[in-house]
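work-v9.cif (mmCIF, C-alpha atoms)
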```cif
data_structure
loop_
_atom_site.label_atom_id
_atom_site.label_comp_id
_atom_site.auth_asym_id
_atom_site.auth_seq_id
_atom_site.Cartn_x
_atom_site.Cartn_y
_atom_site.Cartn_z
CA MET P 1 0.00 0.00 0.00
CA ASN P 2 1.69 3.24 -1.08
CA THR P 3 1.24 6.72 0.35
CA ASN P 4 -1.62 7.63 -1.94
CA HIS P 5 -3.39 4.37 -1.18
CA VAL P 6 -3.06 5.01 2.55
CA ARG P 7 -4.51 8.52 2.24
CA THR P 8 -7.26 7.29 -0.06
CA PHE P 9 -8.08 4.47 2.34
CA ALA P 10 -8.36 6.85 5.27
CA ALA P 11 -10.55 9.23 3.31
CA LEU P 12 -12.81 6.40 2.13
CA VAL P 13 -13.20 5.11 5.68
CA ALA P 14 -14.12 8.55 6.99
CA GLY P 15 -16.47 9.20 4.07
CA ALA P 16 -18.20 5.85 4.37
CA VAL P 17 -18.84 6.34 8.06
CA VAL P 18 -20.38 9.77 7.52
CA ALA P 19 -22.48 8.57 4.59
CA ALA P 20 -23.85 5.66 6.58
CA GLY P 21 -25.20 8.13 9.10
CA ALA P 22 -24.20 5.93 12.03
CA TRP P 23 -21.68 8.33 13.49
CA SER P 24 -18.57 10.18 12.44
CA LEU P 25 -15.09 10.61 13.83
CA VAL P 26 -16.04 14.14 14.79
CA ASN P 27 -19.49 13.45 16.27
CA THR P 28 -19.15 10.27 18.32
CA PRO P 29 -21.43 8.61 20.87
CA ALA P 30 -19.08 9.75 23.64
CA VAL P 31 -20.53 12.78 25.45
CA GLN P 32 -19.30 14.98 28.26
CA ALA P 33 -21.32 14.61 31.46
CA GLN P 34 -20.07 17.11 34.02
CA THR P 35 -16.50 15.92 34.73
CA ALA P 36 -16.97 12.29 33.61
CA VAL P 37 -17.05 10.98 30.06
CA VAL P 38 -19.80 8.52 29.20
CA TYR P 39 -18.86 6.20 26.34
CA ASP P 40 -21.31 4.45 24.05
CA ALA P 41 -21.73 1.00 25.60
CA ALA P 42 -22.06 -0.83 22.27
CA SER P 43 -18.85 0.78 20.94
CA VAL P 44 -16.97 -0.07 24.15
CA LYS P 45 -18.12 -3.70 24.05
CA LYS P 46 -17.23 -4.02 20.39
CA GLY P 47 -13.81 -2.51 21.03
CA LEU P 48 -13.07 -4.90 23.86
CA ASP P 49 -14.32 -7.85 21.83
CA ILE P 50 -12.16 -7.12 18.79
CA ALA P 51 -8.94 -6.12 20.58
CA PRO P 52 -6.50 -8.68 19.15
CA VAL P 53 -4.17 -8.69 22.18
CA ALA P 54 -4.49 -8.88 25.95
CA LEU P 55 -4.99 -5.45 27.53
CA ASP P 56 -3.56 -4.02 30.73
CA PHE P 57 -6.21 -1.94 32.50
CA THR P 58 -4.00 -1.02 35.47
CA GLY P 59 -4.70 2.59 36.40
CA LYS P 60 -6.96 3.05 33.37
CA ASP P 61 -10.67 3.44 32.63
CA LYS P 62 -11.72 0.16 31.01
CA ASN P 63 -14.52 1.87 29.12
CA GLN P 64 -12.10 4.45 27.73
CA VAL P 65 -9.70 1.71 26.65
CA GLY P 66 -12.52 -0.23 25.01
CA TYR P 67 -13.69 2.86 23.15
CA GLY P 68 -10.12 3.51 22.03
CA SER P 69 -9.90 -0.05 20.73
CA TYR P 70 -13.08 0.55 18.74
CA LEU P 71 -11.56 3.63 17.11
CA VAL P 72 -8.22 1.93 16.42
CA ASN P 73 -9.45 -1.48 15.26
CA ALA P 74 -12.89 -0.84 13.76
CA ILE P 75 -12.44 2.64 12.29
CA GLY P 76 -8.86 3.90 12.05
CA GLY P 77 -7.18 1.11 10.11
CA CYS P 78 -4.02 1.48 12.24
CA ASN P 79 -3.23 -2.22 11.89
CA ASP P 80 -2.83 -1.99 8.11
CA CYS P 81 0.16 0.36 8.39
CA HIS P 82 1.63 -0.30 11.82
CA THR P 83 1.58 -4.12 11.94
CA ASN P 84 4.06 -6.06 9.79
CA PRO P 85 2.81 -8.48 8.69
CA SER P 86 -0.69 -7.23 9.35
CA TYR P 87 -2.25 -10.70 9.35
CA LYS P 88 -1.14 -14.18 10.30
CA ALA P 89 -0.42 -16.70 7.60
CA GLY P 90 -3.78 -18.08 6.51
CA GLY P 91 -5.62 -15.14 8.06
CA ASP P 92 -5.30 -12.48 5.35
CA PRO P 93 -8.76 -11.12 4.42
CA PHE P 94 -7.35 -9.67 1.18
CA ARG P 95 -6.78 -13.28 0.09
CA GLY P 96 -10.34 -14.25 0.93
CA GLN P 97 -9.33 -15.76 4.27
CA ALA P 98 -10.95 -15.21 7.67
CA LYS P 99 -9.19 -12.24 9.27
CA VAL P 100 -6.62 -13.05 11.95
CA ILE P 101 -4.42 -10.13 13.04
CA ASP P 102 -0.84 -11.07 13.82
CA LYS P 103 -0.54 -10.61 17.60
CA ALA P 104 3.23 -11.10 17.50
CA THR P 105 3.71 -7.93 15.44
CA TYR P 106 0.60 -5.93 16.42
CA LEU P 107 1.25 -2.18 16.03
CA ALA P 108 5.04 -2.61 16.34
CA GLY P 109 5.65 -0.81 13.03
CA GLY P 110 8.02 -1.88 10.30
CA ASN P 111 5.98 -1.43 7.13
CA VAL P 112 7.95 0.42 4.46
CA PHE P 113 6.39 3.16 2.34
CA GLY P 114 9.17 4.42 0.08
CA PRO P 115 11.60 6.33 2.33
CA PHE P 116 9.27 6.02 5.33
CA THR P 117 8.83 3.17 7.80
CA SER P 118 5.80 2.94 10.07
CA ARG P 119 6.52 3.57 13.75
CA ASN P 120 6.15 1.30 16.74
CA LEU P 121 2.94 2.35 18.54
CA THR P 122 3.29 -0.02 21.48
CA PRO P 123 4.25 1.39 24.89
CA SER P 124 7.77 0.79 26.15
CA ALA P 125 8.83 -0.01 29.69
CA GLN P 126 9.73 3.67 30.01
CA GLY P 127 6.31 4.98 29.00
CA PRO P 128 3.53 5.26 26.41
CA VAL P 129 3.79 5.99 22.70
CA THR P 130 5.19 9.53 22.02
CA GLY P 131 6.08 9.77 25.71
CA SER P 132 3.00 11.69 26.82
CA LEU P 133 -0.63 12.47 25.99
CA ALA P 134 0.34 16.06 25.14
CA ASN P 135 2.82 14.82 22.52
CA PHE P 136 0.26 12.38 21.16
CA LYS P 137 -2.34 15.11 20.70
CA GLN P 138 0.22 17.29 18.97
CA VAL P 139 0.97 14.56 16.44
CA PHE P 140 -2.73 13.93 15.78
CA LYS P 141 -3.56 17.60 15.39
CA THR P 142 -0.54 18.85 13.45
CA GLY P 143 1.20 15.81 11.97
CA VAL P 144 4.55 16.96 13.37
CA ASP P 145 7.25 14.30 13.35
CA LEU P 146 8.56 14.53 16.91
CA ARG P 147 11.52 12.30 16.07
CA LYS P 148 12.46 14.29 12.98
CA LEU P 149 13.47 11.18 11.06
CA HIS P 150 13.16 12.81 7.62
CA PRO P 151 14.04 16.51 8.00
CA GLN P 152 15.34 16.61 4.44
CA ILE P 153 11.82 15.73 3.23
CA SER P 154 9.48 17.41 5.70
CA PRO P 155 9.02 18.10 9.41
CA LEU P 156 5.55 16.54 9.03
CA LEU P 157 4.53 12.90 8.82
CA GLN P 158 3.94 12.05 5.17
CA VAL P 159 2.08 8.71 5.33
CA MET P 160 -0.06 8.90 8.47
CA PRO P 161 -3.44 10.44 7.49
CA TRP P 162 -3.27 13.04 10.25
CA THR P 163 -5.16 15.50 8.03
CA VAL P 164 -8.19 13.28 8.62
CA TYR P 165 -7.49 12.49 12.26
CA GLN P 166 -6.87 16.13 13.23
CA ASP P 167 -10.63 16.70 13.29
CA MET P 168 -11.09 14.15 16.07
CA ASN P 169 -12.05 15.61 19.42
CA ASP P 170 -10.15 15.23 22.70
CA VAL P 171 -12.39 12.42 23.95
CA GLU P 172 -11.51 10.32 20.91
CA VAL P 173 -7.79 11.08 20.88
CA GLU P 174 -7.51 10.43 24.62
CA ALA P 175 -9.31 7.10 24.22
CA ILE P 176 -6.93 6.05 21.45
CA PHE P 177 -3.97 7.02 23.63
CA ALA P 178 -5.40 5.02 26.55
CA TYR P 179 -5.80 1.97 24.32
CA LEU P 180 -2.28 2.22 22.88
CA SER P 181 -0.98 2.54 26.44
CA SER P 182 -2.74 -0.73 27.33
CA ILE P 183 -1.39 -3.06 24.64
CA PRO P 184 1.71 -5.25 25.12
CA CYS P 185 5.13 -3.78 24.42
CA LEU P 186 6.95 -5.13 21.37
CA GLU P 187 10.54 -4.62 20.27
CA GLY P 188 11.64 -2.90 17.07
CA GLY P 189 10.69 0.19 15.10
CA PRO P 190 12.58 3.20 13.71
CA GLU P 191 15.04 4.60 16.26
CA GLU P 192 13.66 2.48 19.10
CA LYS P 193 16.22 1.48 21.71
CA PRO P 194 17.12 -2.21 22.12
CA ASN P 195 15.33 -3.96 24.98
CA ARG P 196 12.64 -1.27 25.03
CA CYS P 197 10.31 -3.69 26.79
CA ALA P 198 12.72 -4.50 29.61
CA PRO P 199 12.07 -2.77 32.94
CA ALA P 200 14.41 0.16 33.43
CA THR P 201 17.34 -0.36 35.77
CA PRO P 202 16.58 1.79 38.80
CA THR P 203 18.99 4.47 39.89
CA SER P 204 21.19 2.98 42.59
CA ALA P 205 24.06 4.08 44.82
CA SER P 206 27.13 1.95 45.47
CA ALA P 207 29.55 3.03 48.22
CA LYS P 208 32.69 0.93 48.70
CA PRO P 209 34.56 -0.62 50.38
CA LYS P 210 31.76 -1.76 52.66
CA ASN P 211 33.35 -2.57 56.03
CA ILE P 212 36.75 -1.15 56.86
CA THR P 213 39.03 -1.29 59.86
CA THR P 214 41.93 1.13 59.52
CA GLU P 215 44.74 2.80 61.46
CA ALA P 216 45.27 5.35 58.68
CA PHE P 217 43.89 8.80 59.46
CA GLN P 218 42.86 9.18 55.78
CA ILE P 219 41.20 6.74 53.36
CA GLY P 220 39.58 6.87 49.93
CA LEU P 221 36.05 5.70 49.12
CA ASP P 222 34.59 4.65 45.77
CA GLY P 223 31.13 5.39 44.34
CA THR P 224 31.85 4.49 40.70
CA GLY P 225 29.55 1.47 40.88
CA SER P 226 26.50 3.76 41.17
CA VAL P 227 24.08 3.67 38.23
CA ALA P 228 21.55 6.14 36.76
CA SER P 229 18.32 4.62 35.43
CA ASP P 230 18.71 6.39 32.10
CA GLY P 231 22.40 5.60 31.83
CA GLY P 232 23.21 9.29 32.24
CA LYS P 233 25.27 11.29 34.68
CA LEU P 234 24.85 11.31 38.44
CA THR P 235 25.54 13.94 41.06
CA TYR P 236 27.31 12.75 44.21
CA LYS P 237 27.08 13.82 47.84
CA TRP P 238 29.09 12.12 50.58
CA THR P 239 28.27 12.99 54.21
CA SER P 240 28.70 11.61 57.71
CA ALA P 241 25.52 9.63 58.32
CA LYS P 242 23.01 10.79 60.91
CA GLY P 243 24.14 9.64 64.37
CA SER P 244 27.71 9.00 63.22
CA PRO P 245 30.75 10.93 64.46
CA VAL P 246 31.61 13.62 61.93
CA ALA P 247 34.54 12.99 59.62
CA THR P 248 36.15 15.44 57.23
CA ILE P 249 35.19 14.53 53.66
CA MET P 250 37.16 16.06 50.83
CA PHE P 251 35.92 15.90 47.20
CA ALA P 252 32.49 15.08 48.62
CA ASP P 253 30.76 15.90 45.32
CA THR P 254 32.75 13.35 43.31
CA ASP P 255 32.64 9.59 42.91
CA LYS P 256 35.96 9.16 44.78
CA PRO P 257 36.10 11.19 48.00
CA VAL P 258 38.83 11.22 50.62
CA VAL P 259 37.83 10.84 54.28
CA GLN P 260 39.89 12.08 57.24
CA PHE P 261 39.32 11.10 60.89
CA ASN P 262 39.82 13.84 63.45
CA THR P 263 39.49 11.93 66.72
CA ARG P 264 41.38 9.17 68.49
CA GLY P 265 40.22 5.63 67.91
CA PRO P 266 38.79 3.21 68.31
CA ILE P 267 35.62 4.80 66.97
CA ASP P 268 32.99 3.75 64.44
CA TYR P 269 32.04 6.01 61.54
CA VAL P 270 29.27 5.63 58.98
CA ILE P 271 29.69 7.52 55.70
CA GLU P 272 26.67 7.94 53.45
CA LEU P 273 26.61 8.39 49.67
CA ALA P 274 23.58 9.98 47.99
CA VAL P 275 23.41 9.96 44.18
CA THR P 276 20.82 11.85 42.13
CA ASP P 277 20.01 11.27 38.47
CA ALA P 278 18.85 13.73 35.82
CA LYS P 279 15.20 13.09 36.72
CA GLY P 280 15.78 14.02 40.36
CA THR P 281 15.61 10.46 41.67
CA THR P 282 17.96 9.92 44.63
CA ALA P 283 19.41 6.67 45.96
CA THR P 284 21.67 6.14 48.99
CA ASP P 285 24.24 3.67 50.29
CA THR P 286 26.64 3.62 53.24
CA VAL P 287 30.04 2.32 54.31
CA SER P 288 31.11 1.52 57.87
CA VAL P 289 34.60 2.42 59.02
CA LYS P 290 36.18 1.40 62.33
CA TYR P 291 39.04 3.81 62.95
CA VAL P 292 41.58 2.39 65.39
CA GLY P 293 44.37 4.94 64.89
CA ARG P 294 45.77 7.17 67.62
#
```
What's the structure tokens form of this structure?
Amino acid sequence: MNTNHVRTFAALVAGAVVAAGAWSLVNTPAVQAQTAVVYDAASVKKGLDIAPVALDFTGKDKNQVGYGSYLVNAIGGCNDCHTNPSYKAGGDPFRGQAKVIDKATYLAGGNVFGPFTSRNLTPSAQGPVTGSLANFKQVFKTGVDLRKLHPQISPLLQVMPWTVYQDMNDVEVEAIFAYLSSIPCLEGGPEEKPNRCAPATPTSASAKPKNITTEAFQIGLDGTGSVASDGGKLTYKWTSAKGSPVATIMFADTDKPVVQFNTRGPIDYVIELAVTDAKGTTATDTVSVKYVGR
């Protein structure tokens, strides 16, 4: 299916729906009732029935997810472009076979349209498609390519029929986003990171060596084993732990501080390391030092 076919398909779908008089993408059965949205029960049921994959409703409105599935799977034709292959072997309706969507590749992208490749719409372990609802709405309303994969061609998506979808209202777009946030994560897609479905490694602090007995009035500590969840830089802060005798800590904002003991031993010190990642997440660890010097 080339670019023109995709645009023609989207236009035909939208036109057919309006002509049938059942409802349109602009005027849907979903209505605003005070602060709660009431979704058309038949559309929700249909959406839940035809969702080709298991859905995660954790923290989500099941009715909203079902309505989003209805828009994605019964109206939008997202599967045709964003699933490769779109149908399982023996389940291709274009070959006169009973339709069976390929769950193993559902909405993970990979279809090639000239210089363009369809994107992975499944959520990653780090978050939903486009990263946020605000980004998702921006794409639907303006067609902007947030990843800027083809700046030499256009800053706008050239295959996605966003010129049709931009007339959808917030209720519809938010339902689609909720549905896409509920489907299983799949690997692959243009510029997607490897292991996108693996849980992120949490930010952690590592202060070493763990248990020390020393006569030296000065020792070095090591925090280089600390890890940021995004693989980025950390900020370091070494201090005498609460309740511990106070030691002098030089280079306390680095990963390798030097600690000096100012009192006669034997005495037990606890030195704490706090690391903070770019997102503001902080993790701590400690080392225990028995100073026996005089």
Of the candidates P:Thr281, P:Thr130, P:Ser288, P:Gln218, which shows the shortest atom-to-atom distance to Val258 (chain P), using all atoms listed in the file?
P:Gln218
Nearest residue to Val289 (chain P) from the set P:Tyr106, P:Phe113, P:Tyr67, P:Tyr269 (distances using all atoms listed in the file)
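Using all atoms listed in the file, the shortest distance to Val289 (chain P) belongs to P:Tyr269.
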Using only C-alpha atoms, which residues sit within 8 Å of region 77-84 of chain P once same-chain residues fewer than 5 positions away are excluded, as an NGL selection string?
:P and (10 or 72 or 102 or 105-111 or 118-121)
Reference answer for the PyMOL selection byres ((chain P and resi 224-241) around 7), as an MDAnalysis selection string:
chainID P and resid 200:206 222:223 242:244 246:247 252:255 270:278
Okay, now the selection with C-alpha atoms, as a PDB file, keeping the file's coordinate frame?
```pdb
ATOM      1  CA  ALA P 200      14.410   0.160  33.430  1.00  0.00           C
ATOM      2  CA  THR P 201      17.340  -0.360  35.770  1.00  0.00           C
ATOM      3  CA  PRO P 202      16.580   1.790  38.800  1.00  0.00           C
ATOM      4  CA  THR P 203      18.990   4.470  39.890  1.00  0.00           C
ATOM      5  CA  SER P 204      21.190   2.980  42.590  1.00  0.00           C
ATOM      6  CA  ALA P 205      24.060   4.080  44.820  1.00  0.00           C
ATOM      7  CA  SER P 206      27.130   1.950  45.470  1.00  0.00           C
ATOM      8  CA  ASP P 222      34.590   4.650  45.770  1.00  0.00           C
ATOM      9  CA  GLY P 223      31.130   5.390  44.340  1.00  0.00           C
ATOM     10  CA  LYS P 242      23.010  10.790  60.910  1.00  0.00           C
ATOM     11  CA  GLY P 243      24.140   9.640  64.370  1.00  0.00           C
ATOM     12  CA  SER P 244      27.710   9.000  63.220  1.00  0.00           C
ATOM     13  CA  VAL P 246      31.610  13.620  61.930  1.00  0.00           C
ATOM     14  CA  ALA P 247      34.540  12.990  59.620  1.00  0.00           C
ATOM     15  CA  ALA P 252      32.490  15.080  48.620  1.00  0.00           C
ATOM     16  CA  ASP P 253      30.760  15.900  45.320  1.00  0.00           C
ATOM     17  CA  THR P 254      32.750  13.350  43.310  1.00  0.00           C
ATOM     18  CA  ASP P 255      32.640   9.590  42.910  1.00  0.00           C
ATOM     19  CA  VAL P 270      29.270   5.630  58.980  1.00  0.00           C
ATOM     20  CA  ILE P 271      29.690   7.520  55.700  1.00  0.00           C
ATOM     21  CA  GLU P 272      26.670   7.940  53.450  1.00  0.00           C
ATOM     22  CA  LEU P 273      26.610   8.390  49.670  1.00  0.00           C
ATOM     23  CA  ALA P 274      23.580   9.980  47.990  1.00  0.00           C
ATOM     24  CA  VAL P 275      23.410   9.960  44.180  1.00  0.00           C
ATOM     25  CA  THR P 276      20.820  11.850  42.130  1.00  0.00           C
ATOM     26  CA  ASP P 277      20.010  11.270  38.470  1.00  0.00           C
ATOM     27  CA  ALA P 278      18.850  13.730  35.820  1.00  0.00           C
TER      28      ALA P 278
END
```
What gap, in Å, lies between CA of Glu187 (chain P) and CA of Gly59 (chain P)?
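Separating CA of Glu187 (chain P) from CA of Gly59 (chain P) is a distance of 23.3 Å.
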Pick from P:Ile153, P:Ile212, P:Ala125, P:Leu55: nearest to Pro194 (chain P), with only C-alpha atoms counted?
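Among P:Ile153, P:Ile212, P:Ala125, P:Leu55, it is P:Ala125 that comes nearest to Pro194 (chain P).
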Computed interatomic separation between CA of Asp268 (chain P) and CA of Thr248 (chain P) (Å):
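Spanning CA of Asp268 (chain P) to CA of Thr248 (chain P) is a straight-line distance of 14.1 Å.
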Please identify all polymer residues within 7 Å of Tyr179 (chain P), counting only C-alpha atoms, omitting same-chain residues fewer than 5 positions from it, and present them as number ranges by chain.
P: 65, 68-69
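The space separating CA of Ser43 (chain P) from CA of Asp170 (chain P) comes to 17.0 Å.
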Neighbours of point (6.4, 13.2, 5.0) within 10 Å, using all atoms listed in the file, written as number ranges by chain
P: 3, 115-116, 143-145, 149-160
Restrict the selected residues to C-alpha atoms and save them as a short mmCIF file (atom, residue, chain, number, x, y, z; two decimals), in the frame of the given file.
```
data_model
loop_
_atom_site.label_atom_id
_atom_site.label_comp_id
_atom_site.auth_asym_id
_atom_site.auth_seq_id
_atom_site.Cartn_x
_atom_site.Cartn_y
_atom_site.Cartn_z
CA THR P 3 1.24 6.72 0.35
CA PRO P 115 11.60 6.33 2.33
CA PHE P 116 9.27 6.02 5.33
CA GLY P 143 1.20 15.81 11.97
CA VAL P 144 4.55 16.96 13.37
CA ASP P 145 7.25 14.30 13.35
CA LEU P 149 13.47 11.18 11.06
CA HIS P 150 13.16 12.81 7.62
CA PRO P 151 14.04 16.51 8.00
CA GLN P 152 15.34 16.61 4.44
CA ILE P 153 11.82 15.73 3.23
CA SER P 154 9.48 17.41 5.70
CA PRO P 155 9.02 18.10 9.41
CA LEU P 156 5.55 16.54 9.03
CA LEU P 157 4.53 12.90 8.82
CA GLN P 158 3.94 12.05 5.17
CA VAL P 159 2.08 8.71 5.33
CA MET P 160 -0.06 8.90 8.47
#
```
P:Ser181, P:Lys60, P:Glu191, P:Ala198 ranked by distance to Leu146 (chain P), top pick (using all atoms listed in the file):
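With all atoms listed in the file as the atom set, the closest residue is P:Glu191.
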Using all atoms listed in the file, which residue out of P:Val129, P:Leu180, P:Val164, P:Val38 lies closest to Ala51 (chain P)?
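Result for the nearest residue to Ala51 (chain P): P:Leu180.
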For the provided coordinates, the residues matched by the PyMOL selection byres ((chain P and resi 221) around 6) should be stated as a list in words.
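With the PyMOL selection byres ((chain P and resi 221) around 6) on this model, the match is Lys208, Gly220, Asp222, Lys256 and Pro257 of chain P.
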For C-alpha atoms, I'd like the residues from the last selection saved as a short mmCIF file (atom, residue, chain, number, x, y, z; two decimals), in the frame of the given file.
```cif
data_model
loop_
_atom_site.label_atom_id
_atom_site.label_comp_id
_atom_site.auth_asym_id
_atom_site.auth_seq_id
_atom_site.Cartn_x
_atom_site.Cartn_y
_atom_site.Cartn_z
CA LYS P 208 32.69 0.93 48.70
CA GLY P 220 39.58 6.87 49.93
CA ASP P 222 34.59 4.65 45.77
CA LYS P 256 35.96 9.16 44.78
CA PRO P 257 36.10 11.19 48.00
#
```
Restrict the output to region 167-204 of chain P and C-alpha atoms, then write it as a PDB file, in the first residue's frame.
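Output contents, as saved in result-v9.pdb:
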```
ATOM      1  CA  ASP P 167     -10.632  16.698  13.289  1.00  0.00           C
ATOM      2  CA  MET P 168     -11.090  14.149  16.067  1.00  0.00           C
ATOM      3  CA  ASN P 169     -12.055  15.609  19.424  1.00  0.00           C
ATOM      4  CA  ASP P 170     -10.152  15.228  22.696  1.00  0.00           C
ATOM      5  CA  VAL P 171     -12.387  12.425  23.952  1.00  0.00           C
ATOM      6  CA  GLU P 172     -11.514  10.321  20.910  1.00  0.00           C
ATOM      7  CA  VAL P 173      -7.794  11.082  20.883  1.00  0.00           C
ATOM      8  CA  GLU P 174      -7.512  10.434  24.620  1.00  0.00           C
ATOM      9  CA  ALA P 175      -9.314   7.097  24.220  1.00  0.00           C
ATOM     10  CA  ILE P 176      -6.928   6.048  21.454  1.00  0.00           C
ATOM     11  CA  PHE P 177      -3.971   7.022  23.633  1.00  0.00           C
ATOM     12  CA  ALA P 178      -5.397   5.023  26.546  1.00  0.00           C
ATOM     13  CA  TYR P 179      -5.800   1.974  24.315  1.00  0.00           C
ATOM     14  CA  LEU P 180      -2.278   2.222  22.877  1.00  0.00           C
ATOM     15  CA  SER P 181      -0.983   2.537  26.441  1.00  0.00           C
ATOM     16  CA  SER P 182      -2.744  -0.730  27.331  1.00  0.00           C
ATOM     17  CA  ILE P 183      -1.393  -3.064  24.644  1.00  0.00           C
ATOM     18  CA  PRO P 184       1.715  -5.252  25.118  1.00  0.00           C
ATOM     19  CA  CYS P 185       5.134  -3.778  24.418  1.00  0.00           C
ATOM     20  CA  LEU P 186       6.955  -5.132  21.366  1.00  0.00           C
ATOM     21  CA  GLU P 187      10.537  -4.620  20.269  1.00  0.00           C
ATOM     22  CA  GLY P 188      11.640  -2.900  17.068  1.00  0.00           C
ATOM     23  CA  GLY P 189      10.687   0.192  15.103  1.00  0.00           C
ATOM     24  CA  PRO P 190      12.579   3.201  13.710  1.00  0.00           C
ATOM     25  CA  GLU P 191      15.044   4.597  16.264  1.00  0.00           C
ATOM     26  CA  GLU P 192      13.657   2.476  19.097  1.00  0.00           C
ATOM     27  CA  LYS P 193      16.224   1.484  21.707  1.00  0.00           C
ATOM     28  CA  PRO P 194      17.125  -2.210  22.119  1.00  0.00           C
ATOM     29  CA  ASN P 195      15.327  -3.965  24.976  1.00  0.00           C
ATOM     30  CA  ARG P 196      12.644  -1.269  25.029  1.00  0.00           C
ATOM     31  CA  CYS P 197      10.312  -3.688  26.792  1.00  0.00           C
ATOM     32  CA  ALA P 198      12.723  -4.502  29.609  1.00  0.00           C
ATOM     33  CA  PRO P 199      12.070  -2.769  32.935  1.00  0.00           C
ATOM     34  CA  ALA P 200      14.409   0.161  33.426  1.00  0.00           C
ATOM     35  CA  THR P 201      17.340  -0.364  35.766  1.00  0.00           C
ATOM     36  CA  PRO P 202      16.579   1.789  38.803  1.00  0.00           C
ATOM     37  CA  THR P 203      18.988   4.472  39.893  1.00  0.00           C
ATOM     38  CA  SER P 204      21.190   2.980  42.592  1.00  0.00           C
TER      39      SER P 204
END
```
